[in-house]
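Heads up, model.cif below (mmCIF, C-alpha atoms):
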data_entry
loop_
_atom_site.label_atom_id
_atom_site.label_comp_id
_atom_site.auth_asym_id
_atom_site.auth_seq_id
_atom_site.Cartn_x
_atom_site.Cartn_y
_atom_site.Cartn_z
CA MET A 4 -20.08 -32.36 27.62
CA LEU A 5 -16.43 -31.41 27.35
CA GLN A 6 -14.38 -31.69 30.49
CA ILE A 7 -11.54 -29.21 31.08
CA ASN A 8 -8.41 -30.72 32.57
CA PRO A 9 -6.77 -28.09 34.83
CA LYS A 10 -3.42 -29.95 34.72
CA LYS A 11 -3.01 -29.08 31.05
CA PHE A 12 -3.14 -25.31 31.66
CA ARG A 13 0.21 -23.53 31.68
CA PRO A 14 0.77 -20.20 33.40
CA ILE A 15 1.39 -17.21 31.16
CA LYS A 16 5.04 -16.23 31.60
CA ASN A 17 5.24 -13.03 29.55
CA LYS A 18 2.36 -10.82 30.70
CA THR A 19 3.46 -7.63 28.93
CA ILE A 20 1.24 -6.21 26.22
CA PRO A 21 2.97 -6.40 22.82
CA ASN A 22 3.54 -3.21 20.85
CA PRO A 23 1.09 -2.68 17.99
CA LEU A 24 2.44 -3.30 14.53
CA ARG A 25 3.65 -0.07 13.00
CA PRO A 26 6.21 0.78 10.33
CA LYS A 27 9.70 1.29 11.68
CA PHE A 28 11.70 4.32 10.63
CA ARG A 29 15.16 3.23 9.59
CA LYS A 30 18.02 4.35 7.42
CA LYS A 31 17.52 4.29 3.67
CA ALA A 32 19.82 1.27 3.36
CA GLN A 33 17.54 -0.64 5.73
CA ALA A 34 14.30 0.53 4.13
CA ASN A 35 11.16 -1.17 5.33
CA ILE A 36 9.17 -3.29 2.87
CA TYR A 37 6.00 -1.36 3.75
CA PHE A 38 7.48 1.93 2.55
CA LEU A 39 9.02 0.36 -0.55
CA SER A 40 5.64 -1.05 -1.58
CA GLN A 41 3.97 2.33 -0.93
CA ARG A 42 6.55 4.08 -3.10
CA LYS A 43 6.00 1.54 -5.89
CA TYR A 44 2.23 1.96 -5.70
CA ASN A 45 2.48 5.76 -5.78
CA GLY A 46 4.86 5.57 -8.76
CA GLU A 47 2.49 3.32 -10.70
CA LYS A 48 -0.42 5.63 -9.93
CA LYS A 49 1.54 8.66 -11.16
CA ILE A 50 2.55 6.92 -14.40
CA LYS A 51 -1.05 5.83 -15.04
CA PHE A 52 -2.28 9.40 -14.42
CA LEU A 53 0.27 10.85 -16.89
CA ASN A 54 -0.67 8.27 -19.52
CA ASN A 55 -4.36 9.17 -19.13
CA ILE A 56 -3.56 12.88 -19.57
CA LYS A 57 -1.56 12.14 -22.73
CA LEU A 58 -4.40 10.02 -24.13
CA ILE A 59 -7.04 12.67 -23.41
CA GLY A 60 -4.81 15.36 -24.94
CA LEU A 61 -4.24 13.31 -28.10
CA ILE A 62 -7.94 12.58 -28.53
CA SER A 63 -8.90 16.22 -28.00
CA PHE A 64 -6.18 17.33 -30.46
CA VAL A 65 -7.54 14.95 -33.13
CA ILE A 66 -11.12 16.11 -32.57
CA LEU A 67 -10.18 19.82 -32.69
CA GLY A 68 -8.02 19.24 -35.78
CA GLY A 69 -10.88 17.43 -37.52
CA TYR A 70 -13.28 20.22 -36.60
CA PHE A 71 -11.01 22.98 -37.98
CA LEU A 72 -10.20 21.02 -41.13
CA SER A 73 -13.88 20.38 -41.85
CA ASN A 74 -14.74 24.10 -41.80
#

Could you take the file, read its structure, and then write that structure out as structure tokens?
Amino acid sequence: MLQINPKKFRPIKNKTIPNPLRPKFRKKAQANIYFLSQRKYNGEKKIKFLNNIKLIGLISFVILGGYFLSN
């Protein structure tokens, strides 16, 4: 069985509860990494969405053109 040595225990000096981690609102020059990564992610998502719309539009244009030319 493990024996606990009470001499090795140290008293807790700082008994305050730490603040929960949350993004800090700062000036634009001191932008937080959390917000920069969110902005990058949102930008990539927007670009991907626009590319998908362009691709769907091109495919539908080719299909409609082929349909009208075949008649």

Q: Could you please determine the separation between CA of Phe71 in chain A and CA of Asn54 in chain A in Å, to one decimal place?
A: 25.8 Å

Q: Figure out the distance between CA of Ile56 in chain A and CA of Gly68 in chain A, please, to one decimal in Å.
A: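 According to the coordinates, CA of Gly68 in chain A and CA of Ile56 in chain A are separated by 18.0 Å.
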
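Atom pair CA of Ile62 in chain A / CA of Asn74 in chain A: separated by 18.8 Å.
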